[in-house]
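Q: What follows is entry-v1.cif; its format and atoms are mmCIF, C-alpha atoms.
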data_model
loop_
_atom_site.label_atom_id
_atom_site.label_comp_id
_atom_site.auth_asym_id
_atom_site.auth_seq_id
_atom_site.Cartn_x
_atom_site.Cartn_y
_atom_site.Cartn_z
CA MET A 1 -3.54 -4.89 -17.82
CA ILE A 2 -1.22 -2.66 -15.81
CA PRO A 3 2.15 -4.40 -15.70
CA LYS A 4 2.72 -3.74 -11.93
CA LYS A 5 6.05 -5.55 -12.24
CA ASN A 6 3.99 -8.62 -13.14
CA TYR A 7 4.12 -8.43 -16.89
CA LEU A 8 5.60 -11.93 -16.69
CA PRO A 9 3.78 -14.96 -15.31
CA LYS A 10 5.01 -16.12 -11.92
CA PRO A 11 7.42 -18.99 -12.65
CA LEU A 12 7.12 -22.42 -11.14
CA ALA A 13 10.03 -24.20 -9.57
CA PRO A 14 12.13 -25.74 -12.39
CA LEU A 15 11.33 -29.39 -11.64
CA ALA A 16 7.64 -28.70 -11.12
CA LEU A 17 7.50 -26.68 -14.30
CA ALA A 18 9.19 -29.40 -16.35
CA ALA A 19 6.92 -32.11 -15.02
CA LEU A 20 3.79 -30.05 -15.45
CA LEU A 21 4.71 -28.91 -18.92
CA ALA A 22 5.50 -32.43 -20.12
CA ALA A 23 2.20 -33.65 -18.77
CA SER A 24 0.25 -30.78 -20.27
CA LEU A 25 1.77 -31.31 -23.70
CA LEU A 26 0.99 -35.02 -23.50
CA ALA A 27 -2.56 -34.29 -22.42
CA SER A 28 -3.08 -31.75 -25.16
CA ALA A 29 -2.26 -34.35 -27.79
CA GLY A 30 -5.50 -36.08 -26.90
CA CYS A 31 -7.47 -32.96 -26.11
CA GLY A 32 -10.25 -33.97 -28.46
CA ARG A 33 -11.45 -36.59 -25.97
CA ALA A 34 -13.11 -34.17 -23.58
CA LYS A 35 -15.10 -31.08 -24.40
CA SER A 36 -15.17 -27.94 -22.26
CA GLY A 37 -18.36 -26.08 -21.48
CA LYS A 38 -21.92 -27.33 -21.37
CA ALA A 39 -23.77 -28.76 -24.29
CA ALA A 40 -26.71 -26.69 -25.49
CA VAL A 41 -29.67 -26.81 -23.07
CA ASP A 42 -33.10 -25.76 -24.36
CA GLY A 43 -31.36 -24.14 -27.29
CA VAL A 44 -29.01 -22.06 -25.09
CA LYS A 45 -25.26 -22.51 -25.57
CA TYR A 46 -23.02 -22.03 -22.55
CA LEU A 47 -19.50 -20.61 -22.63
CA THR A 48 -16.96 -20.41 -19.82
CA VAL A 49 -14.41 -17.59 -19.78
CA TRP A 50 -11.41 -17.44 -17.48
CA GLN A 51 -10.20 -13.89 -17.01
CA THR A 52 -7.59 -12.17 -14.85
CA TYR A 53 -8.70 -8.53 -14.77
CA ASN A 54 -8.29 -6.27 -11.76
CA ASN A 55 -11.35 -5.14 -9.78
CA GLU A 56 -12.22 -2.16 -11.95
CA GLU A 57 -11.62 -4.05 -15.20
CA HIS A 58 -13.63 -7.01 -13.93
CA GLU A 59 -16.73 -4.86 -13.42
CA VAL A 60 -16.44 -3.37 -16.90
CA PHE A 61 -15.98 -6.85 -18.39
CA LEU A 62 -19.08 -8.15 -16.62
CA GLY A 63 -21.02 -5.27 -18.16
CA ILE A 64 -19.72 -6.24 -21.61
CA VAL A 65 -20.74 -9.86 -21.05
CA SER A 66 -24.20 -8.83 -19.85
CA GLU A 67 -24.72 -6.66 -22.90
CA TYR A 68 -23.56 -9.47 -25.19
CA GLU A 69 -25.96 -11.95 -23.61
CA LYS A 70 -28.80 -9.46 -24.00
CA ASN A 71 -28.06 -9.11 -27.71
CA ASN A 72 -27.46 -12.86 -28.12
CA PRO A 73 -30.18 -14.63 -26.10
CA GLY A 74 -29.02 -18.04 -27.30
CA VAL A 75 -25.69 -17.70 -25.44
CA LYS A 76 -24.87 -17.65 -21.72
CA ILE A 77 -21.38 -16.82 -20.51
CA LYS A 78 -19.97 -17.92 -17.17
CA VAL A 79 -17.12 -15.66 -16.09
CA GLN A 80 -14.52 -17.13 -13.75
CA ARG A 81 -11.92 -14.80 -12.33
CA ILE A 82 -8.44 -16.15 -11.58
CA PRO A 83 -5.28 -14.38 -10.32
CA TRP A 84 -3.01 -13.10 -13.09
CA ASP A 85 0.13 -14.60 -11.55
CA GLN A 86 -1.52 -18.03 -11.35
CA HIS A 87 -3.22 -18.27 -14.72
CA VAL A 88 -0.39 -20.11 -16.50
CA THR A 89 -0.23 -22.83 -13.85
CA LYS A 90 -4.01 -23.13 -13.69
CA ILE A 91 -4.30 -23.54 -17.46
CA LYS A 92 -1.56 -26.18 -17.52
CA VAL A 93 -3.30 -28.17 -14.78
CA ALA A 94 -6.61 -27.81 -16.61
CA MET A 95 -4.99 -29.17 -19.78
CA ILE A 96 -3.94 -32.27 -17.88
CA THR A 97 -7.36 -32.79 -16.31
CA HIS A 98 -9.33 -31.85 -19.45
CA THR A 99 -11.07 -28.98 -17.65
CA VAL A 100 -9.95 -26.01 -19.69
CA PRO A 101 -12.56 -23.30 -20.35
CA ASP A 102 -13.91 -22.32 -23.74
CA ILE A 103 -12.01 -19.02 -23.62
CA ALA A 104 -9.10 -17.85 -21.50
CA ARG A 105 -7.30 -14.56 -21.12
CA VAL A 106 -3.55 -15.24 -21.34
CA ASP A 107 -0.23 -13.46 -21.30
CA PRO A 108 1.13 -13.25 -24.87
CA ALA A 109 4.37 -14.73 -23.49
CA PHE A 110 2.43 -17.97 -22.86
CA MET A 111 0.88 -18.10 -26.34
CA PRO A 112 3.84 -19.89 -27.99
CA ARG A 113 3.47 -22.82 -25.57
CA LEU A 114 -0.25 -23.08 -26.24
CA VAL A 115 0.28 -22.83 -29.99
CA ARG A 116 3.10 -25.38 -30.08
CA SER A 117 1.00 -27.86 -28.07
CA ARG A 118 -1.91 -27.40 -30.53
CA SER A 119 -4.22 -26.48 -27.66
CA LEU A 120 -6.01 -23.58 -29.34
CA ILE A 121 -8.53 -23.09 -32.12
CA ASP A 122 -6.96 -21.68 -35.28
CA LEU A 123 -8.99 -18.50 -35.73
CA SER A 124 -7.74 -18.21 -39.30
CA ASP A 125 -10.47 -20.72 -40.11
CA TYR A 126 -12.93 -17.94 -39.29
CA ASP A 127 -12.40 -14.35 -40.44
CA ALA A 128 -9.73 -13.37 -37.93
CA ASP A 129 -7.43 -12.29 -40.74
CA LYS A 130 -9.91 -9.53 -41.55
CA ILE A 131 -10.31 -8.57 -37.89
CA ILE A 132 -6.66 -8.16 -36.92
CA VAL A 133 -5.94 -5.57 -39.62
CA ASP A 134 -7.96 -3.13 -37.51
CA LEU A 135 -6.14 -3.95 -34.26
CA VAL A 136 -2.95 -2.51 -32.75
CA PRO A 137 -0.33 -4.23 -34.92
CA ALA A 138 2.08 -5.40 -32.21
CA ALA A 139 -0.73 -6.67 -29.98
CA ALA A 140 -2.32 -8.54 -32.88
CA GLN A 141 0.95 -10.01 -34.18
CA ALA A 142 1.66 -11.60 -30.80
CA ASN A 143 -1.09 -14.06 -31.76
CA VAL A 144 0.13 -14.82 -35.28
CA PHE A 145 2.44 -17.78 -35.95
CA PRO A 146 3.82 -19.41 -39.10
CA GLU A 147 2.80 -23.02 -39.63
CA SER A 148 6.46 -24.01 -39.25
CA PHE A 149 6.24 -22.97 -35.59
CA PHE A 150 3.71 -25.64 -34.64
CA VAL A 151 3.84 -28.24 -37.42
CA ARG A 152 6.80 -30.58 -37.04
CA ASP A 153 9.25 -30.55 -39.97
CA SER A 154 7.18 -27.94 -41.78
CA THR A 155 8.92 -25.09 -43.58
CA SER A 156 5.71 -23.25 -44.40
CA SER A 157 5.62 -19.55 -43.56
CA ARG A 158 1.85 -19.40 -43.93
CA LYS A 159 0.52 -17.33 -41.03
CA ARG A 160 -2.13 -18.65 -38.65
CA ILE A 161 -4.00 -16.73 -35.92
CA PHE A 162 -4.60 -18.23 -32.47
CA GLY A 163 -5.99 -15.37 -30.41
CA LEU A 164 -7.18 -11.77 -30.38
CA PRO A 165 -5.74 -9.09 -28.07
CA ASP A 166 -8.27 -7.92 -25.51
CA GLN A 167 -5.99 -5.38 -23.89
CA THR A 168 -2.76 -3.62 -24.80
CA THR A 169 -0.35 -1.24 -23.18
CA GLY A 170 3.20 0.06 -23.47
CA VAL A 171 5.41 2.85 -22.20
CA ALA A 172 6.11 6.37 -23.38
CA LEU A 173 8.34 9.19 -22.14
CA PHE A 174 7.06 11.07 -19.09
CA TYR A 175 8.78 14.35 -18.24
CA ASN A 176 8.38 16.99 -15.52
CA LYS A 177 7.38 20.24 -17.22
CA LYS A 178 8.50 22.44 -14.34
CA LEU A 179 11.95 20.90 -14.15
CA PHE A 180 12.19 21.31 -17.92
CA ALA A 181 11.18 24.97 -17.72
CA ASP A 182 13.65 25.61 -14.88
CA ALA A 183 16.39 24.19 -17.13
CA GLY A 184 15.29 26.30 -20.10
CA LEU A 185 13.89 23.34 -22.03
CA ALA A 186 10.63 24.05 -23.85
CA ARG A 187 9.67 20.60 -25.14
CA ALA A 188 10.34 16.90 -24.82
CA PRO A 189 13.35 15.41 -26.66
CA ALA A 190 12.47 14.00 -30.07
CA THR A 191 15.64 11.95 -30.72
CA TRP A 192 18.09 9.98 -28.59
CA GLU A 193 20.72 12.65 -29.24
CA GLU A 194 18.40 15.28 -27.76
CA PHE A 195 17.46 12.91 -24.96
CA VAL A 196 21.08 12.52 -23.86
CA LYS A 197 21.62 16.28 -24.09
CA TYR A 198 18.51 17.02 -22.03
CA ALA A 199 19.28 14.35 -19.45
CA LYS A 200 22.70 15.87 -18.82
CA ILE A 201 21.24 19.38 -18.48
CA LEU A 202 18.57 18.12 -16.08
CA THR A 203 21.09 16.34 -13.82
CA ARG A 204 21.93 18.82 -11.07
CA ASP A 205 23.95 19.21 -7.92
CA SER A 206 21.94 22.19 -6.72
CA ASP A 207 23.89 22.99 -3.53
CA GLY A 208 27.36 22.15 -4.83
CA ASP A 209 28.09 19.49 -2.22
CA GLY A 210 29.19 16.97 -4.80
CA ARG A 211 26.00 14.92 -4.58
CA VAL A 212 23.38 15.00 -7.33
CA GLU A 213 19.91 15.90 -6.06
CA GLN A 214 18.13 15.69 -9.41
CA PHE A 215 18.73 13.22 -12.23
CA GLY A 216 17.73 13.64 -15.83
CA PHE A 217 16.52 10.06 -16.20
CA ALA A 218 15.75 6.94 -14.20
CA ALA A 219 15.76 3.50 -15.82
CA ASP A 220 14.27 0.17 -14.92
CA LEU A 221 16.55 -2.87 -15.27
CA SER A 222 14.17 -5.31 -16.90
CA LEU A 223 14.17 -6.33 -20.53
CA TRP A 224 10.53 -5.30 -20.86
CA PHE A 225 11.44 -1.71 -19.99
CA THR A 226 14.56 -1.91 -22.17
CA PHE A 227 12.68 -2.88 -25.34
CA PRO A 228 12.19 0.82 -26.27
CA PHE A 229 15.98 1.12 -26.60
CA PHE A 230 16.31 -2.06 -28.65
CA ASN A 231 13.21 -1.42 -30.77
CA THR A 232 14.20 2.12 -31.78
CA TYR A 233 17.47 0.67 -33.10
CA GLY A 234 15.63 -1.98 -35.11
CA VAL A 235 17.11 -4.85 -33.11
CA LYS A 236 15.91 -8.32 -34.05
CA PHE A 237 16.11 -10.80 -31.20
CA ILE A 238 15.45 -14.15 -32.85
CA SER A 239 16.01 -15.46 -36.39
CA ASP A 240 12.97 -16.13 -38.57
CA ASP A 241 13.33 -19.88 -38.13
CA GLY A 242 13.38 -19.44 -34.34
CA LYS A 243 16.67 -21.28 -33.94
CA THR A 244 19.21 -18.51 -33.31
CA CYS A 245 19.48 -15.49 -31.05
CA LEU A 246 20.59 -12.42 -33.03
CA LEU A 247 21.50 -10.06 -30.19
CA ASP A 248 25.20 -10.15 -31.04
CA SER A 249 24.65 -7.40 -33.61
CA LEU A 250 25.88 -3.84 -34.05
CA ALA A 251 22.36 -2.46 -33.57
CA ALA A 252 21.92 -4.37 -30.30
CA ARG A 253 25.29 -3.18 -29.01
CA GLU A 254 24.50 0.44 -29.86
CA ALA A 255 21.10 0.25 -28.20
CA LEU A 256 22.34 -1.25 -24.94
CA GLN A 257 25.42 1.01 -24.96
CA LEU A 258 23.10 4.02 -25.02
CA LYS A 259 21.39 2.86 -21.86
CA VAL A 260 24.69 2.03 -20.18
CA ASP A 261 26.28 5.36 -21.16
CA LEU A 262 23.42 7.33 -19.63
CA TYR A 263 24.53 5.94 -16.27
CA ALA A 264 28.24 5.24 -16.55
CA LYS A 265 29.45 7.89 -19.00
CA HIS A 266 27.03 10.81 -18.84
CA ARG A 267 26.12 10.33 -15.16
CA ALA A 268 22.60 11.42 -16.05
CA GLU A 269 20.75 8.22 -15.10
CA ALA A 270 20.07 7.74 -11.41
CA GLY A 271 21.01 4.08 -11.09
CA ALA A 272 17.36 3.43 -10.31
CA TRP A 273 17.82 -0.14 -11.60
CA GLN A 274 20.00 -1.04 -8.61
CA ALA A 275 18.66 -2.96 -5.63
CA GLY A 276 17.46 -0.60 -2.93
CA ALA A 277 17.40 2.47 -5.19
CA ILE A 278 14.41 4.81 -5.45
CA SER A 279 12.15 3.41 -8.17
CA PRO A 280 11.49 5.47 -11.31
CA ASP A 281 7.83 6.04 -10.42
CA THR A 282 8.55 7.13 -6.84
CA GLY A 283 11.46 9.34 -7.87
CA PHE A 284 9.31 11.01 -10.53
CA ILE A 285 6.64 11.82 -7.96
CA ASN A 286 9.33 13.13 -5.57
CA ARG A 287 10.75 15.31 -8.37
CA LYS A 288 14.14 13.61 -8.15
CA TYR A 289 13.90 12.25 -11.69
CA ALA A 290 13.03 14.55 -14.58
CA MET A 291 12.26 11.81 -17.12
CA ILE A 292 11.13 8.19 -16.91
CA PHE A 293 9.53 5.55 -19.13
CA THR A 294 6.17 4.38 -17.84
CA GLY A 295 2.66 3.59 -19.02
CA PRO A 296 -0.89 4.93 -18.97
CA TRP A 297 -1.56 3.19 -15.66
CA ASN A 298 0.34 6.07 -14.01
CA LEU A 299 -1.57 8.94 -15.64
CA LYS A 300 -4.18 9.31 -12.90
CA ARG A 301 -1.66 8.59 -10.16
CA PHE A 302 0.67 11.37 -11.27
CA LYS A 303 -2.22 13.81 -11.76
CA ASP A 304 -3.49 13.07 -8.25
CA ALA A 305 0.03 13.70 -6.93
CA GLY A 306 0.03 17.15 -8.53
CA ILE A 307 2.99 16.47 -10.82
CA PRO A 308 3.17 18.94 -13.75
CA PHE A 309 4.05 16.25 -16.24
CA GLY A 310 3.91 15.82 -19.98
CA VAL A 311 3.94 12.67 -22.09
CA SER A 312 5.84 12.27 -25.35
CA LEU A 313 6.76 9.51 -27.77
CA ILE A 314 9.87 7.45 -27.06
CA PRO A 315 12.81 9.34 -28.67
CA ARG A 316 13.57 8.35 -32.23
CA GLY A 317 16.49 6.08 -33.01
CA PRO A 318 17.73 4.72 -36.35
CA ALA A 319 14.46 2.77 -36.67
CA GLY A 320 12.22 5.61 -35.50
CA SER A 321 10.16 5.80 -32.32
CA SER A 322 8.92 2.54 -30.84
CA THR A 323 7.97 0.97 -27.55
CA ASN A 324 7.32 -2.32 -25.77
CA VAL A 325 4.01 -4.17 -25.59
CA GLY A 326 2.13 -5.42 -22.56
CA GLY A 327 -1.43 -6.56 -22.18
CA SER A 328 -3.11 -9.86 -22.91
CA SER A 329 -4.98 -11.96 -25.45
CA MET A 330 -8.14 -14.04 -25.51
CA ALA A 331 -7.89 -17.52 -27.01
CA VAL A 332 -10.39 -20.32 -27.67
CA PHE A 333 -9.40 -23.85 -26.64
CA ARG A 334 -9.81 -26.73 -29.08
CA THR A 335 -11.99 -28.57 -26.56
CA SER A 336 -14.73 -25.93 -26.68
CA ARG A 337 -18.15 -27.35 -27.50
CA HIS A 338 -19.14 -24.04 -29.06
CA PRO A 339 -16.14 -22.60 -30.91
CA ASP A 340 -18.29 -20.55 -33.30
CA GLU A 341 -20.04 -18.78 -30.42
CA ALA A 342 -16.72 -18.34 -28.58
CA TYR A 343 -15.18 -16.64 -31.60
CA LYS A 344 -18.22 -14.40 -32.07
CA PHE A 345 -17.79 -13.20 -28.48
CA LEU A 346 -14.11 -12.40 -29.10
CA LYS A 347 -15.08 -10.40 -32.19
CA TYR A 348 -17.56 -8.46 -30.06
CA LEU A 349 -14.94 -7.84 -27.38
CA VAL A 350 -12.48 -6.26 -29.83
CA SER A 351 -15.12 -4.42 -31.85
CA THR A 352 -14.96 -0.67 -32.29
CA ALA A 353 -17.96 0.07 -30.06
CA THR A 354 -16.86 -2.25 -27.25
CA GLN A 355 -13.28 -0.96 -27.28
CA LYS A 356 -14.53 2.62 -27.14
CA LYS A 357 -16.49 1.78 -23.99
CA TRP A 358 -13.52 -0.09 -22.50
CA ALA A 359 -11.08 2.75 -23.14
CA GLU A 360 -13.34 5.48 -21.78
CA ALA A 361 -14.36 3.49 -18.69
CA LEU A 362 -10.79 2.52 -17.76
CA SER A 363 -8.61 5.21 -19.39
CA GLN A 364 -6.82 2.49 -21.34
CA ILE A 365 -5.58 2.13 -24.89
CA PRO A 366 -8.21 0.52 -27.14
CA VAL A 367 -6.96 -2.48 -29.10
CA ASN A 368 -9.10 -1.48 -32.09
CA LEU A 369 -7.52 1.29 -34.18
CA LYS A 370 -10.91 2.34 -35.53
CA ALA A 371 -11.94 3.22 -31.98
CA TYR A 372 -9.11 5.75 -31.62
CA PRO A 373 -10.92 8.79 -33.09
CA MET A 374 -14.09 7.88 -31.19
CA VAL A 375 -12.57 7.77 -27.69
CA ASN A 376 -13.25 10.81 -25.52
CA VAL A 377 -9.88 11.60 -23.92
CA SER A 378 -10.85 14.96 -22.39
CA ALA A 379 -10.21 13.66 -18.87
CA LEU A 380 -6.79 12.21 -19.81
CA PRO A 381 -5.58 13.89 -23.03
CA GLU A 382 -2.17 12.25 -22.60
CA LEU A 383 -3.77 8.93 -23.53
CA LYS A 384 -3.65 10.10 -27.16
CA ILE A 385 0.16 9.92 -27.04
CA PHE A 386 -0.03 6.26 -26.02
CA MET A 387 -2.54 5.53 -28.74
CA GLU A 388 -0.11 7.00 -31.25
CA GLN A 389 2.90 5.25 -29.70
CA MET A 390 1.29 1.81 -29.92
CA LYS A 391 1.10 2.09 -33.72
CA THR A 392 4.88 1.58 -33.89
CA ALA A 393 5.28 -0.86 -30.99
CA VAL A 394 7.09 -4.16 -31.56
CA PRO A 395 5.89 -7.48 -30.08
CA ARG A 396 8.10 -9.47 -27.76
CA PRO A 397 10.19 -12.35 -29.18
CA LYS A 398 8.10 -15.49 -29.68
CA VAL A 399 9.93 -18.18 -27.75
CA LEU A 400 8.67 -21.14 -25.77
CA ASP A 401 10.15 -19.88 -22.52
CA TYR A 402 10.01 -16.10 -22.45
CA ASP A 403 10.55 -16.06 -18.67
CA GLU A 404 13.97 -17.65 -19.18
CA LEU A 405 14.83 -15.20 -21.94
CA GLU A 406 13.96 -12.27 -19.71
CA SER A 407 15.92 -13.74 -16.81
CA ILE A 408 19.05 -14.19 -18.93
CA MET A 409 18.83 -10.71 -20.39
CA ASN A 410 18.19 -9.03 -17.05
CA ALA A 411 21.26 -10.67 -15.55
CA GLU A 412 23.52 -9.76 -18.48
CA MET A 413 22.23 -6.21 -18.73
CA TYR A 414 23.00 -5.77 -15.04
CA THR A 415 26.60 -6.79 -15.61
CA ALA A 416 26.90 -4.18 -18.36
CA LEU A 417 25.21 -1.41 -16.37
CA SER A 418 27.32 -2.12 -13.29
CA GLY A 419 30.57 -2.21 -15.27
CA GLN A 420 31.31 -5.88 -14.66
CA LYS A 421 31.27 -6.59 -18.40
CA THR A 422 31.45 -4.59 -21.58
CA VAL A 423 28.22 -4.33 -23.55
CA GLU A 424 29.73 -6.51 -26.26
CA ARG A 425 30.70 -9.23 -23.77
CA ALA A 426 27.34 -9.11 -21.99
CA LEU A 427 25.45 -9.55 -25.25
CA LYS A 428 27.72 -12.35 -26.45
CA ASP A 429 27.14 -14.19 -23.19
CA ALA A 430 23.40 -13.53 -23.43
CA VAL A 431 23.31 -14.98 -26.95
CA GLU A 432 25.16 -18.09 -25.81
CA GLU A 433 22.81 -18.66 -22.88
CA ILE A 434 19.64 -17.94 -24.88
CA ASN A 435 20.70 -20.31 -27.65
CA LYS A 436 21.45 -23.01 -25.10
CA ARG A 437 18.69 -22.56 -22.53
CA VAL A 438 15.81 -21.11 -24.51
CA LEU A 439 15.97 -21.92 -28.21
CA ASN A 440 17.13 -25.53 -27.95
CA VAL A 441 14.36 -26.56 -25.55
CA GLU A 442 11.61 -28.69 -27.09
#
Please re-express this file's structure in structure tokens.
A:
Amino acid sequence: MIPKKNYLPKPLAPLALAALLAASLLASAGCGRAKSGKAAVDGVKYLTVWQTYNNEEHEVFLGIVSEYEKNNPGVKIKVQRIPWDQHVTKIKVAMITHTVPDIARVDPAFMPRLVRSRSLIDLSDYDADKIIVDLVPAAAQANVFPESFFVRDSTSSRKRIFGLPDQTTGVALFYNKKLFADAGLARAPATWEEFVKYAKILTRDSDGDGRVEQFGFAADLSLWFTFPFFNTYGVKFISDDGKTCLLDSLAAREALQLKVDLYAKHRAEAGAWQAGAISPDTGFINRKYAMIFTGPWNLKRFKDAGIPFGVSLIPRGPAGSSTNVGGSSMAVFRTSRHPDEAYKFLKYLVSTATQKKWAEALSQIPVNLKAYPMVNVSALPELKIFMEQMKTAVPRPKVLDYDELESIMNAEMYTALSGQKTVERALKDAVEEINKRVLNVE
């Protein structure tokens, strides 16, 4: 799914969220009492799938379902479409009322809650461990949890699988080839050192009036768009036992300092993260920004706008090149009457042949690595860069309240970018708040 600034679920009001969550967890404890989906009728098994795709994706998905039903005449699938920004609330309400579907498409940020509440089928009991080795690693790992995460007082690190990624995305470096050529730059920067050098060269006051007309780079404020900085420095957010935030580290300070210095020290970042500023996408189209981080959802848009752009991997840091991960996963609820059939459909959805069709129809990154060499990218050759970039992507931290984590980090990163706090102070304060407000919540 394209993260149109909605890569996080829309949050509920705090009191409503607390009440709803408590009720949903209580309801899930007795989720075996009611079964979702129809029982078999005349030998046909019925599955219900809740999905949140956009219009174009929805049509492709319906085609996949139709083809599956044709090849599996004993199964009928009812597809119910729900808004992406409402799916978390709808699932929580359905957990309370025992009306969850057999399968639901969910934001990976919501998976920890579903896993902790024991609401999902453990796909490790099937052959999911063999399936995920062929999937984009970061997208697959978002669905993998140690038993200690969901079994009280357990210290077992045995990994269990609770979903399969149906869609994945991330960002790479977009750059304006003409602006590069005008500055005497022949290729995209390969390292952060080169990136800083290029960004400074590409920042220009063309008419000498003291105001910069062209910036080398434009950054988004959010943590999701800042993960490429953190990931390329090998930053670990949360301890293995899930009890401590680890952002007060040298690697984290160096990563965030790089982003801050681009704006405050090198004057090569446009301040696009500020309220009211020209957004990175718009400024790239208007040729005000020479480089931005964005995803494959903008490939066609930029081509239609006539931008002479190139796409390259995120510059290498101490930990190499890496990026963030967006997208979604499909999970099977424990109340499903037909879990075997539900899992078989998920296997079909992430299969090589199906992912090839999905990628070519929608110009998206396939979740199945074996589909990579089969995808015809002649219309959008830049998609190959994203397919390569996703091999080194890192999943988001697995916490029960990712929204709160993002909110804390966004606020603290703003204080560092705007000069209100040092990077060290901002990260120390972020660690304190995350430990208190995110990791200690049961």
Q: Using the chain letters and numbers from the file, give me the residues hit by the PyMOL selection byres ((chain A and resi 60-62) around 10), as a PyMOL selection string.
A: chain A and resi 51+53+55-59+63-68+77-79+349+357-358+361-362
Q: Determine the residue set returned by the PyMOL selection byres ((chain A and resi 240) around 12) for the present structure, and present it as a list of chain:residue names.
A: A:Phe145, A:Pro146, A:Ser148, A:Phe149, A:Thr155, A:Ser156, A:Ser157, A:Lys236, A:Phe237, A:Ile238, A:Ser239, A:Asp241, A:Gly242, A:Lys243, A:Thr244, A:Cys245, A:Leu246, A:Pro397, A:Lys398, A:Val399
Q: Of the candidates A:Ala359, A:Lys288, A:Ala251, A:Tyr198, which one gets nearest to A:His266 if we count all atoms listed in the file?
A: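 That would be A:Tyr198, the residue with the smallest distance to A:His266.
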Q: Each residue of stretch 216-280 of chain A with at least one atom at most 9 Å from stretch 411-428 of chain A should appear once, together with its nearest atom pair and the corresponding distance in Å (one decimal); atoms considered: all atoms listed in the file; ordering: chain, then increasing residue number; output as a Markdown table.
A:
| residue | atom | partner | partner_atom | distance |
| --- | --- | --- | --- | --- |
| A:Leu221 | CA | A:Tyr414 | CA | 7.1 |
| A:Ser222 | CA | A:Met413 | CA | 8.3 |
| A:Leu223 | CA | A:Met413 | CA | 8.3 |
| A:Leu247 | CA | A:Leu427 | CA | 6.3 |
| A:Asp248 | CA | A:Lys428 | CA | 5.7 |
| A:Ser249 | CA | A:Leu427 | CA | 8.7 |
| A:Ala252 | CA | A:Leu427 | CA | 8.0 |
| A:Arg253 | CA | A:Glu424 | CA | 6.2 |
| A:Glu254 | CA | A:Val423 | CA | 8.7 |
| A:Leu256 | CA | A:Val423 | CA | 6.8 |
| A:Gln257 | CA | A:Val423 | CA | 6.2 |
| A:Lys259 | CA | A:Leu417 | CA | 7.9 |
| A:Val260 | CA | A:Leu417 | CA | 5.2 |
| A:Asp261 | CA | A:Leu417 | CA | 8.4 |
| A:Tyr263 | CA | A:Leu417 | CA | 7.4 |
| A:Ala264 | CA | A:Leu417 | CA | 7.3 |
| A:Gly271 | CA | A:Leu417 | CA | 8.7 |
| A:Trp273 | CA | A:Tyr414 | CA | 8.4 |
| A:Gln274 | CA | A:Tyr414 | CA | 8.5 |
Q: Go through A:Asp85, A:Glu360, A:Asp153, A:Glu69 and flag the residue nearest A:Asn54, using only C-alpha atoms for the distances.
A: A:Asp85
Q: Once the PyMOL selection byres ((chain A and resi 188) around 9) has been applied to the shown file, what residues remain in the selection, as a list in words?
A: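 With the shown file as input, the PyMOL selection byres ((chain A and resi 188) around 9) matches Leu173, Phe174, Tyr175, Lys177, Phe180, Leu185, Ala186, Arg187, Pro189, Ala190, Glu194, Phe195, Tyr198, Gly310, Val311, Ser312, Leu313 and Pro315 of chain A.
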